[in-house]
file query.pdb (PDB, C-alpha atoms)
ATOM      1  CA  GLY A   1     134.858 100.849 106.202  1.00  0.00           C
ATOM      2  CA  GLU A   2     133.919  97.332 105.134  1.00  0.00           C
ATOM      3  CA  ARG A   3     130.099  97.535 105.011  1.00  0.00           C
ATOM      4  CA  VAL A   4     128.829  95.504 102.052  1.00  0.00           C
ATOM      5  CA  ASP A   5     125.893  97.822 101.376  1.00  0.00           C
ATOM      6  CA  SER A   6     128.129 100.897 101.459  1.00  0.00           C
ATOM      7  CA  GLN A   7     130.636  99.272  99.114  1.00  0.00           C
ATOM      8  CA  THR A   8     127.772  98.525  96.711  1.00  0.00           C
ATOM      9  CA  TYR A   9     126.605 102.149  96.764  1.00  0.00           C
ATOM     10  CA  VAL A  10     130.128 103.522  96.307  1.00  0.00           C
ATOM     11  CA  SER A  11     130.801 101.182  93.401  1.00  0.00           C
ATOM     12  CA  MET A  12     127.595 102.302  91.673  1.00  0.00           C
ATOM     13  CA  LYS A  13     128.392 105.981  92.250  1.00  0.00           C
ATOM     14  CA  ARG A  14     131.894 105.644  90.836  1.00  0.00           C
ATOM     15  CA  LYS A  15     130.627 103.725  87.813  1.00  0.00           C
ATOM     16  CA  ASN A  16     127.994 106.361  87.093  1.00  0.00           C
ATOM     17  CA  ALA A  17     130.521 109.150  87.582  1.00  0.00           C
ATOM     18  CA  GLU A  18     132.845 107.548  85.039  1.00  0.00           C
ATOM     19  CA  GLU A  19     130.010 107.146  82.541  1.00  0.00           C
ATOM     20  CA  CYS A  20     129.169 110.849  82.954  1.00  0.00           C
ATOM     21  CA  GLY A  21     132.781 111.901  82.470  1.00  0.00           C
ATOM     22  CA  PHE A  22     133.280 113.154  86.030  1.00  0.00           C
ATOM     23  CA  ALA A  23     136.724 113.278  87.619  1.00  0.00           C
ATOM     24  CA  ASP A  24     136.826 110.896  90.597  1.00  0.00           C
ATOM     25  CA  PHE A  25     138.754 111.960  93.709  1.00  0.00           C
ATOM     26  CA  HIS A  26     137.911 108.779  95.607  1.00  0.00           C
ATOM     27  CA  ARG A  27     139.261 108.397  99.132  1.00  0.00           C
ATOM     28  CA  THR A  28     139.146 104.972 100.789  1.00  0.00           C
ATOM     29  CA  LEU A  29     139.483 105.171 104.564  1.00  0.00           C
ATOM     30  CA  ALA A  30     139.774 102.377 107.106  1.00  0.00           C
ATOM     31  CA  GLU A  31     137.018 101.607 109.599  1.00  0.00           C
ATOM     32  CA  SER A  32     139.426 102.758 112.324  1.00  0.00           C
ATOM     33  CA  VAL A  33     139.967 106.239 110.864  1.00  0.00           C
ATOM     34  CA  SER A  34     139.630 108.951 113.490  1.00  0.00           C
ATOM     35  CA  GLU A  35     137.165 111.801 113.236  1.00  0.00           C
ATOM     36  CA  GLU A  36     140.059 114.256 113.077  1.00  0.00           C
ATOM     37  CA  GLU A  37     141.619 112.385 110.143  1.00  0.00           C
ATOM     38  CA  LEU A  38     138.317 112.295 108.269  1.00  0.00           C
ATOM     39  CA  LEU A  39     137.708 116.007 108.885  1.00  0.00           C
ATOM     40  CA  ALA A  40     141.198 116.716 107.538  1.00  0.00           C
ATOM     41  CA  VAL A  41     140.337 114.884 104.304  1.00  0.00           C
ATOM     42  CA  ILE A  42     137.138 116.902 103.974  1.00  0.00           C
ATOM     43  CA  ASP A  43     139.005 120.138 104.605  1.00  0.00           C
ATOM     44  CA  ASP A  44     141.453 119.227 101.852  1.00  0.00           C
ATOM     45  CA  LEU A  45     138.608 118.543  99.427  1.00  0.00           C
ATOM     46  CA  ASN A  46     136.846 121.764 100.452  1.00  0.00           C
ATOM     47  CA  ARG A  47     139.963 123.706  99.515  1.00  0.00           C
ATOM     48  CA  ASN A  48     140.538 121.847  96.252  1.00  0.00           C
ATOM     49  CA  ASP A  49     139.185 124.001  93.407  1.00  0.00           C
ATOM     50  CA  GLU A  50     139.081 120.950  91.120  1.00  0.00           C
ATOM     51  CA  VAL A  51     136.465 119.326  93.378  1.00  0.00           C
ATOM     52  CA  ASP A  52     132.899 120.479  92.734  1.00  0.00           C
ATOM     53  CA  GLY A  53     131.054 118.023  94.965  1.00  0.00           C
ATOM     54  CA  ILE A  54     131.785 115.936  98.063  1.00  0.00           C
ATOM     55  CA  LEU A  55     129.961 112.701  98.906  1.00  0.00           C
ATOM     56  CA  VAL A  56     130.591 111.075 102.296  1.00  0.00           C
ATOM     57  CA  GLN A  57     129.268 107.521 102.320  1.00  0.00           C
ATOM     58  CA  LEU A  58     126.997 107.005 105.333  1.00  0.00           C
ATOM     59  CA  PRO A  59     126.624 105.532 107.874  1.00  0.00           C
ATOM     60  CA  LEU A  60     129.973 106.298 109.437  1.00  0.00           C
ATOM     61  CA  PRO A  61     131.666 104.158 112.122  1.00  0.00           C
ATOM     62  CA  SER A  62     130.104 104.614 115.554  1.00  0.00           C
ATOM     63  CA  HIS A  63     133.071 106.525 116.956  1.00  0.00           C
ATOM     64  CA  ILE A  64     132.613 109.344 114.422  1.00  0.00           C
ATOM     65  CA  CYS A  65     129.922 112.024 114.743  1.00  0.00           C
ATOM     66  CA  GLU A  66     128.071 112.240 111.436  1.00  0.00           C
ATOM     67  CA  ASP A  67     126.758 115.727 112.252  1.00  0.00           C
ATOM     68  CA  HIS A  68     130.303 117.041 112.663  1.00  0.00           C
ATOM     69  CA  VAL A  69     131.380 115.505 109.363  1.00  0.00           C
ATOM     70  CA  ILE A  70     128.400 116.632 107.283  1.00  0.00           C
ATOM     71  CA  SER A  71     128.522 120.143 108.721  1.00  0.00           C
ATOM     72  CA  ALA A  72     132.224 120.352 107.820  1.00  0.00           C
ATOM     73  CA  ILE A  73     131.451 120.148 104.094  1.00  0.00           C
ATOM     74  CA  VAL A  74     131.074 123.613 102.572  1.00  0.00           C
ATOM     75  CA  PRO A  75     127.403 123.940 101.478  1.00  0.00           C
ATOM     76  CA  GLU A  76     128.266 124.636  97.835  1.00  0.00           C
ATOM     77  CA  LYS A  77     129.990 121.224  97.640  1.00  0.00           C
ATOM     78  CA  ASP A  78     127.399 119.291  99.665  1.00  0.00           C
ATOM     79  CA  VAL A  79     125.850 117.640  96.632  1.00  0.00           C
ATOM     80  CA  ASP A  80     124.243 114.997  98.877  1.00  0.00           C
ATOM     81  CA  GLY A  81     122.058 117.738 100.344  1.00  0.00           C
ATOM     82  CA  PHE A  82     122.661 116.643 103.942  1.00  0.00           C
ATOM     83  CA  HIS A  83     124.157 119.896 105.261  1.00  0.00           C
ATOM     84  CA  PRO A  84     121.880 121.629 107.837  1.00  0.00           C
ATOM     85  CA  LEU A  85     121.534 124.588 105.448  1.00  0.00           C
ATOM     86  CA  HIS A  86     120.103 122.422 102.679  1.00  0.00           C
ATOM     87  CA  ALA A  87     117.934 120.415 105.073  1.00  0.00           C
ATOM     88  CA  GLY A  88     116.467 123.657 106.371  1.00  0.00           C
ATOM     89  CA  MET A  89     115.802 124.974 102.884  1.00  0.00           C
ATOM     90  CA  LEU A  90     113.942 121.773 102.005  1.00  0.00           C
ATOM     91  CA  ALA A  91     111.832 122.024 105.160  1.00  0.00           C
ATOM     92  CA  GLN A  92     110.713 125.575 104.409  1.00  0.00           C
ATOM     93  CA  LYS A  93     108.038 126.013 101.778  1.00  0.00           C
ATOM     94  CA  SER A  94     108.832 129.050  99.651  1.00  0.00           C
ATOM     95  CA  LYS A  95     108.278 129.889  95.999  1.00  0.00           C
ATOM     96  CA  GLY A  96     110.663 132.829  95.875  1.00  0.00           C
ATOM     97  CA  ARG A  97     113.808 131.482  97.511  1.00  0.00           C
ATOM     98  CA  ARG A  98     116.522 129.531  95.709  1.00  0.00           C
ATOM     99  CA  SER A  99     116.398 125.849  96.605  1.00  0.00           C
ATOM    100  CA  GLY A 100     119.505 124.050  97.815  1.00  0.00           C
ATOM    101  CA  PHE A 101     120.801 120.581  97.027  1.00  0.00           C
ATOM    102  CA  VAL A 102     118.244 117.823  97.665  1.00  0.00           C
ATOM    103  CA  PRO A 103     119.231 114.274  98.734  1.00  0.00           C
ATOM    104  CA  CYS A 104     119.387 112.216  95.563  1.00  0.00           C
ATOM    105  CA  THR A 105     117.618 109.030  96.714  1.00  0.00           C
ATOM    106  CA  PRO A 106     114.411 110.763  97.865  1.00  0.00           C
ATOM    107  CA  LEU A 107     114.494 112.973  94.776  1.00  0.00           C
ATOM    108  CA  GLY A 108     114.920 109.807  92.692  1.00  0.00           C
ATOM    109  CA  CYS A 109     111.801 108.363  94.329  1.00  0.00           C
ATOM    110  CA  ILE A 110     109.790 111.378  93.180  1.00  0.00           C
ATOM    111  CA  GLU A 111     111.291 111.152  89.695  1.00  0.00           C
ATOM    112  CA  LEU A 112     110.402 107.457  89.555  1.00  0.00           C
ATOM    113  CA  LEU A 113     106.796 108.174  90.500  1.00  0.00           C
ATOM    114  CA  ASP A 114     106.570 110.944  87.902  1.00  0.00           C
ATOM    115  CA  ARG A 115     108.091 108.883  85.099  1.00  0.00           C
ATOM    116  CA  SER A 116     105.788 105.984  85.960  1.00  0.00           C
ATOM    117  CA  GLY A 117     102.727 108.200  85.714  1.00  0.00           C
ATOM    118  CA  VAL A 118     101.837 107.828  89.391  1.00  0.00           C
ATOM    119  CA  GLU A 119      99.710 110.693  90.691  1.00  0.00           C
ATOM    120  CA  ILE A 120     101.079 112.098  93.949  1.00  0.00           C
ATOM    121  CA  GLU A 121      98.746 114.997  94.705  1.00  0.00           C
ATOM    122  CA  GLY A 122      95.990 114.070  97.123  1.00  0.00           C
ATOM    123  CA  LYS A 123      97.337 110.560  97.714  1.00  0.00           C
ATOM    124  CA  HIS A 124      98.173 109.086 101.114  1.00  0.00           C
ATOM    125  CA  ALA A 125     101.908 108.393 101.180  1.00  0.00           C
ATOM    126  CA  VAL A 126     103.496 106.416 104.006  1.00  0.00           C
ATOM    127  CA  VAL A 127     107.250 106.735 104.481  1.00  0.00           C
ATOM    128  CA  LEU A 128     108.709 103.883 106.505  1.00  0.00           C
ATOM    129  CA  GLY A 129     111.845 105.292 108.126  1.00  0.00           C
ATOM    130  CA  ARG A 130     112.865 108.718 109.452  1.00  0.00           C
ATOM    131  CA  SER A 131     116.543 109.026 108.577  1.00  0.00           C
ATOM    132  CA  ASN A 132     118.062 112.305 107.416  1.00  0.00           C
ATOM    133  CA  ILE A 133     119.249 110.471 104.300  1.00  0.00           C
ATOM    134  CA  VAL A 134     115.947 109.131 102.954  1.00  0.00           C
ATOM    135  CA  GLY A 135     112.940 109.129 105.288  1.00  0.00           C
ATOM    136  CA  LEU A 136     112.662 112.767 106.332  1.00  0.00           C
ATOM    137  CA  PRO A 137     113.564 114.338 102.961  1.00  0.00           C
ATOM    138  CA  ALA A 138     111.300 111.871 101.122  1.00  0.00           C
ATOM    139  CA  ALA A 139     108.428 112.888 103.380  1.00  0.00           C
ATOM    140  CA  MET A 140     109.118 116.581 102.740  1.00  0.00           C
ATOM    141  CA  LEU A 141     109.280 116.107  98.970  1.00  0.00           C
ATOM    142  CA  LEU A 142     106.001 114.188  98.957  1.00  0.00           C
ATOM    143  CA  LEU A 143     104.414 116.874 101.122  1.00  0.00           C
ATOM    144  CA  LEU A 144     105.602 119.582  98.725  1.00  0.00           C
ATOM    145  CA  ARG A 145     103.827 117.622  95.966  1.00  0.00           C
ATOM    146  CA  ASN A 146     100.591 117.808  97.973  1.00  0.00           C
ATOM    147  CA  ALA A 147     100.473 114.234  99.215  1.00  0.00           C
ATOM    148  CA  THR A 148      99.107 113.511 102.668  1.00  0.00           C
ATOM    149  CA  VAL A 149     102.164 112.080 104.392  1.00  0.00           C
ATOM    150  CA  THR A 150     102.560 109.710 107.328  1.00  0.00           C
ATOM    151  CA  ILE A 151     106.036 108.898 108.672  1.00  0.00           C
ATOM    152  CA  CYS A 152     106.390 105.515 110.376  1.00  0.00           C
ATOM    153  CA  HIS A 153     109.327 104.279 112.442  1.00  0.00           C
ATOM    154  CA  SER A 154     110.363 101.722 115.047  1.00  0.00           C
ATOM    155  CA  ARG A 155     107.980 103.185 117.647  1.00  0.00           C
ATOM    156  CA  THR A 156     104.927 103.323 115.385  1.00  0.00           C
ATOM    157  CA  LYS A 157     102.038 101.311 116.790  1.00  0.00           C
ATOM    158  CA  ASN A 158      99.910  99.066 114.568  1.00  0.00           C
ATOM    159  CA  LEU A 159     102.318  99.545 111.662  1.00  0.00           C
ATOM    160  CA  PRO A 160     100.607  97.034 109.326  1.00  0.00           C
ATOM    161  CA  ASP A 161      97.310  98.886 109.754  1.00  0.00           C
ATOM    162  CA  VAL A 162      98.950 102.206 108.893  1.00  0.00           C
ATOM    163  CA  LEU A 163     100.586 100.761 105.779  1.00  0.00           C
ATOM    164  CA  ARG A 164      97.284  99.278 104.594  1.00  0.00           C
ATOM    165  CA  GLU A 165      95.943 102.835 104.258  1.00  0.00           C
ATOM    166  CA  ALA A 166      98.755 103.956 101.950  1.00  0.00           C
ATOM    167  CA  ASP A 167      98.424 104.663  98.240  1.00  0.00           C
ATOM    168  CA  ILE A 168     102.198 105.140  98.030  1.00  0.00           C
ATOM    169  CA  VAL A 169     104.756 103.409 100.267  1.00  0.00           C
ATOM    170  CA  VAL A 170     108.434 104.382 100.507  1.00  0.00           C
ATOM    171  CA  ALA A 171     110.295 101.743 102.536  1.00  0.00           C
ATOM    172  CA  ALA A 172     113.622 102.876 103.953  1.00  0.00           C
ATOM    173  CA  ILE A 173     113.990 101.185 107.309  1.00  0.00           C
ATOM    174  CA  GLY A 174     117.050  98.977 106.769  1.00  0.00           C
ATOM    175  CA  ARG A 175     115.429  95.673 107.742  1.00  0.00           C
ATOM    176  CA  PRO A 176     115.599  92.790 105.243  1.00  0.00           C
ATOM    177  CA  GLU A 177     112.247  91.922 103.636  1.00  0.00           C
ATOM    178  CA  PHE A 178     110.410  93.539 106.551  1.00  0.00           C
ATOM    179  CA  VAL A 179     107.295  94.743 104.715  1.00  0.00           C
ATOM    180  CA  ARG A 180     104.880  91.879 104.057  1.00  0.00           C
ATOM    181  CA  GLY A 181     102.331  91.549 101.303  1.00  0.00           C
ATOM    182  CA  ALA A 182      99.425  91.462 103.757  1.00  0.00           C
ATOM    183  CA  TRP A 183     100.369  94.965 104.904  1.00  0.00           C
ATOM    184  CA  ILE A 184      99.859  96.558 101.474  1.00  0.00           C
ATOM    185  CA  LYS A 185      96.651  98.010 100.075  1.00  0.00           C
ATOM    186  CA  PRO A 186      95.701  96.328  96.777  1.00  0.00           C
ATOM    187  CA  GLY A 187      96.869  98.542  93.929  1.00  0.00           C
ATOM    188  CA  ALA A 188      99.290 100.604  96.023  1.00  0.00           C
ATOM    189  CA  VAL A 189     102.655 101.712  94.633  1.00  0.00           C
ATOM    190  CA  VAL A 190     105.687 100.590  96.647  1.00  0.00           C
ATOM    191  CA  ILE A 191     109.217 101.985  96.386  1.00  0.00           C
ATOM    192  CA  ASP A 192     111.804  99.838  98.147  1.00  0.00           C
ATOM    193  CA  VAL A 193     114.865 101.912  99.028  1.00  0.00           C
ATOM    194  CA  GLY A 194     116.468  99.250 101.208  1.00  0.00           C
ATOM    195  CA  ILE A 195     119.740  97.495 100.408  1.00  0.00           C
ATOM    196  CA  ASN A 196     120.487  94.672 102.855  1.00  0.00           C
ATOM    197  CA  ALA A 197     123.038  91.877 102.632  1.00  0.00           C
ATOM    198  CA  VAL A 198     121.710  88.516 103.857  1.00  0.00           C
ATOM    199  CA  GLU A 199     123.471  85.170 104.008  1.00  0.00           C
ATOM    200  CA  ASP A 200     122.917  82.877 101.028  1.00  0.00           C
ATOM    201  CA  ALA A 201     125.026  79.735 100.708  1.00  0.00           C
ATOM    202  CA  SER A 202     123.999  79.331  97.061  1.00  0.00           C
ATOM    203  CA  LYS A 203     125.927  82.481  96.076  1.00  0.00           C
ATOM    204  CA  MET A 204     129.680  82.569  95.480  1.00  0.00           C
ATOM    205  CA  SER A 205     129.978  85.518  97.853  1.00  0.00           C
ATOM    206  CA  GLY A 206     127.940  83.738 100.517  1.00  0.00           C
ATOM    207  CA  ARG A 207     125.332  86.468 100.555  1.00  0.00           C
ATOM    208  CA  ARG A 208     122.817  88.323  98.405  1.00  0.00           C
ATOM    209  CA  LEU A 209     121.183  91.717  98.428  1.00  0.00           C
ATOM    210  CA  VAL A 210     117.521  92.181  99.328  1.00  0.00           C
ATOM    211  CA  GLY A 211     115.349  95.187 100.031  1.00  0.00           C
ATOM    212  CA  ASP A 212     113.175  96.197 102.959  1.00  0.00           C
ATOM    213  CA  VAL A 213     110.148  94.716 101.178  1.00  0.00           C
ATOM    214  CA  ASN A 214     109.258  91.049 100.734  1.00  0.00           C
ATOM    215  CA  TYR A 215     109.128  91.375  96.962  1.00  0.00           C
ATOM    216  CA  ASP A 216     107.479  88.034  96.210  1.00  0.00           C
ATOM    217  CA  GLU A 217     104.569  88.801  98.526  1.00  0.00           C
ATOM    218  CA  VAL A 218     104.180  92.514  97.811  1.00  0.00           C
ATOM    219  CA  SER A 219     104.371  92.124  94.031  1.00  0.00           C
ATOM    220  CA  ARG A 220     101.181  90.053  94.174  1.00  0.00           C
ATOM    221  CA  VAL A 221      99.264  92.920  95.808  1.00  0.00           C
ATOM    222  CA  ALA A 222     100.794  96.221  94.679  1.00  0.00           C
ATOM    223  CA  SER A 223     100.170  97.744  91.267  1.00  0.00           C
ATOM    224  CA  ALA A 224     103.907  98.489  91.078  1.00  0.00           C
ATOM    225  CA  VAL A 225     106.920  97.689  93.253  1.00  0.00           C
ATOM    226  CA  THR A 226     110.632  98.322  92.714  1.00  0.00           C
ATOM    227  CA  PRO A 227     112.914  95.253  92.779  1.00  0.00           C
ATOM    228  CA  VAL A 228     116.166  95.017  94.764  1.00  0.00           C
ATOM    229  CA  PRO A 229     118.819  94.929  93.491  1.00  0.00           C
TER
END

call {"tool": "encode", "arguments": {"input": "query.pdb", "output": "structure tokens"}}
result
Amino acid sequence: GERVDSQTYVSMKRKNAEECGFADFHRTLAESVSEEELLAVIDDLNRNDEVDGILVQLPLPSHICEDHVISAIVPEKDVDGFHPLHAGMLAQKSKGRRSGFVPCTPLGCIELLDRSGVEIEGKHAVVLGRSNIVGLPAAMLLLLRNATVTICHSRTKNLPDVLREADIVVAAIGRPEFVRGAWIKPGAVVIDVGINAVEDASKMSGRRLVGDVNYDEVSRVASAVTPVP
């Protein structure tokens, strides 16, 4: 498709893959591609022994069922960790069972907290967003690290009040600069997962990328906040 945010993600993935020496079997498909055509591409990649991992850039066009597409990827190549098998393994707490693939963005959030020396255990973490890509797996990973987790979404009442109680905020709601500084507890840690294209006449492209957090406001209150881009 032609989504600006998706193109940004794909470009970053391909650049990182090249730097790591990975072979790139990139497939660019039109917005109008049918579900049957996309499933045929996935089937081809499933059968290709030279392909170790398959990444389908989400979201897909509205006429395609994401569940059908993700479930069509063989689990051993679902390196995004979105397959129902991997989602189920993440949701079940077990010390003896082999873990599956974990979605990279939520796992990156945990890695970022660890590398920054942020204590997770016993903290109140609020995840803003409940997508299968970021929100739900991020909440599960924080829970597995013994945080007390609250998931907020578009139906959450008194959202600013809930966020003010958070020691750790993970914003993944897909709304440009939605989280305001007044909603953040002083000293909280804020991870902004959002990538949103907004119009900006001062840029050659006519737009710029911003996160889900109003960075200028939140950076004055939080002890740490991730910038976007």

call {"tool": "resolve_selection", "arguments": {"input": "query.pdb", "expression": "the PyMOL selection byres ((chain A and resi 139) around 8)", "output": "list in words"}}
result
Val127, Gly135, Leu136, Pro137, Ala138, Met140, Leu141, Leu142, Leu143, Val149, Thr150 and Ile151 of chain A

call {"tool": "closest_residue", "arguments": {"input": "query.pdb", "among": "A:Leu112, A:Ala222, A:Leu209, A:Val170", "to": "Thr8 of chain A", "atoms": "only C-alpha atoms"}}
result
A:Leu209

call {"tool": "closest_atom_pairs", "arguments": {"input": "query.pdb", "of": "segment 37-122 of chain A", "to": "segment 181-202 of chain A", "cutoff": "12 Å", "atoms": "all atoms listed in the file", "output": "Markdown table"}}
result
| residue | atom | partner | partner_atom | distance |
| --- | --- | --- | --- | --- |
| A:Cys104 | CA | A:Val193 | CA | 11.8 |
| A:Thr105 | CA | A:Val193 | CA | 8.0 |
| A:Pro106 | CA | A:Val193 | CA | 8.9 |
| A:Leu107 | CA | A:Val193 | CA | 11.9 |
| A:Gly108 | CA | A:Val193 | CA | 10.1 |
| A:Cys109 | CA | A:Ile191 | CA | 7.2 |
| A:Ile110 | CA | A:Ile191 | CA | 9.9 |
| A:Glu111 | CA | A:Ile191 | CA | 11.5 |
| A:Leu112 | CA | A:Ile191 | CA | 8.8 |
| A:Leu113 | CA | A:Val189 | CA | 8.7 |
| A:Ser116 | CA | A:Val189 | CA | 10.2 |
| A:Gly117 | CA | A:Val189 | CA | 11.0 |
| A:Val118 | CA | A:Val189 | CA | 8.1 |
| A:Glu119 | CA | A:Val189 | CA | 10.2 |
| A:Ile120 | CA | A:Val189 | CA | 10.5 |

call {"tool": "resolve_selection", "arguments": {"input": "query.pdb", "expression": "the PyMOL selection byres ((chain A and resi 173) around 10)", "output": "list in words"}}
result
Val127, Leu128, Gly129, Arg130, Ser131, Val134, Gly135, Cys152, His153, Ser154, Val170, Ala171, Ala172, Gly174, Arg175, Pro176, Phe178, Val179, Asp192, Val193, Gly194, Ile195, Gly211, Asp212 and Val213 of chain A

call {"tool": "write_last_selection", "arguments": {"input": "query.pdb", "atoms": "C-alpha atoms", "output": "short mmCIF file (atom, residue, chain, number, x, y, z; two decimals), in the coordinates of the input"}}
result
data_model
loop_
_atom_site.label_atom_id
_atom_site.label_comp_id
_atom_site.auth_asym_id
_atom_site.auth_seq_id
_atom_site.Cartn_x
_atom_site.Cartn_y
_atom_site.Cartn_z
CA VAL A 127 107.25 106.74 104.48
CA LEU A 128 108.71 103.88 106.50
CA GLY A 129 111.84 105.29 108.13
CA ARG A 130 112.86 108.72 109.45
CA SER A 131 116.54 109.03 108.58
CA VAL A 134 115.95 109.13 102.95
CA GLY A 135 112.94 109.13 105.29
CA CYS A 152 106.39 105.52 110.38
CA HIS A 153 109.33 104.28 112.44
CA SER A 154 110.36 101.72 115.05
CA VAL A 170 108.43 104.38 100.51
CA ALA A 171 110.30 101.74 102.54
CA ALA A 172 113.62 102.88 103.95
CA GLY A 174 117.05 98.98 106.77
CA ARG A 175 115.43 95.67 107.74
CA PRO A 176 115.60 92.79 105.24
CA PHE A 178 110.41 93.54 106.55
CA VAL A 179 107.30 94.74 104.72
CA ASP A 192 111.80 99.84 98.15
CA VAL A 193 114.86 101.91 99.03
CA GLY A 194 116.47 99.25 101.21
CA ILE A 195 119.74 97.50 100.41
CA GLY A 211 115.35 95.19 100.03
CA ASP A 212 113.18 96.20 102.96
CA VAL A 213 110.15 94.72 101.18
#

call {"tool": "closest_residue", "arguments": {"input": "query.pdb", "among": "A:Asp49, A:Ile133, A:Leu144, A:Ile54", "to": "Ala91 of chain A", "atoms": "only C-alpha atoms"}}
result
A:Leu144

call {"tool": "closest_residue", "arguments": {"input": "query.pdb", "among": "A:Val221, A:Thr148, A:Ser205, A:Gln57", "to": "Arg164 of chain A", "atoms": "only C-alpha atoms"}}
result
A:Val221

call {"tool": "atom_distance", "arguments": {"input": "query.pdb", "atom1": "atom CA of Asn132 of chain A", "atom2": "atom CA of Ala30 of chain A"}}
result
23.9 Å

call {"tool": "resolve_selection", "arguments": {"input": "query.pdb", "expression": "the PyMOL selection byres ((chain A and resi 69) around 9)", "output": "PyMOL selection string"}}
result
chain A and resi 35+38-39+42+56+64-68+70-73

call {"tool": "atom_distance", "arguments": {"input": "query.pdb", "atom1": "atom CA of Glu2 of chain A", "atom2": "atom CA of Glu31 of chain A"}}
result
6.9 Å
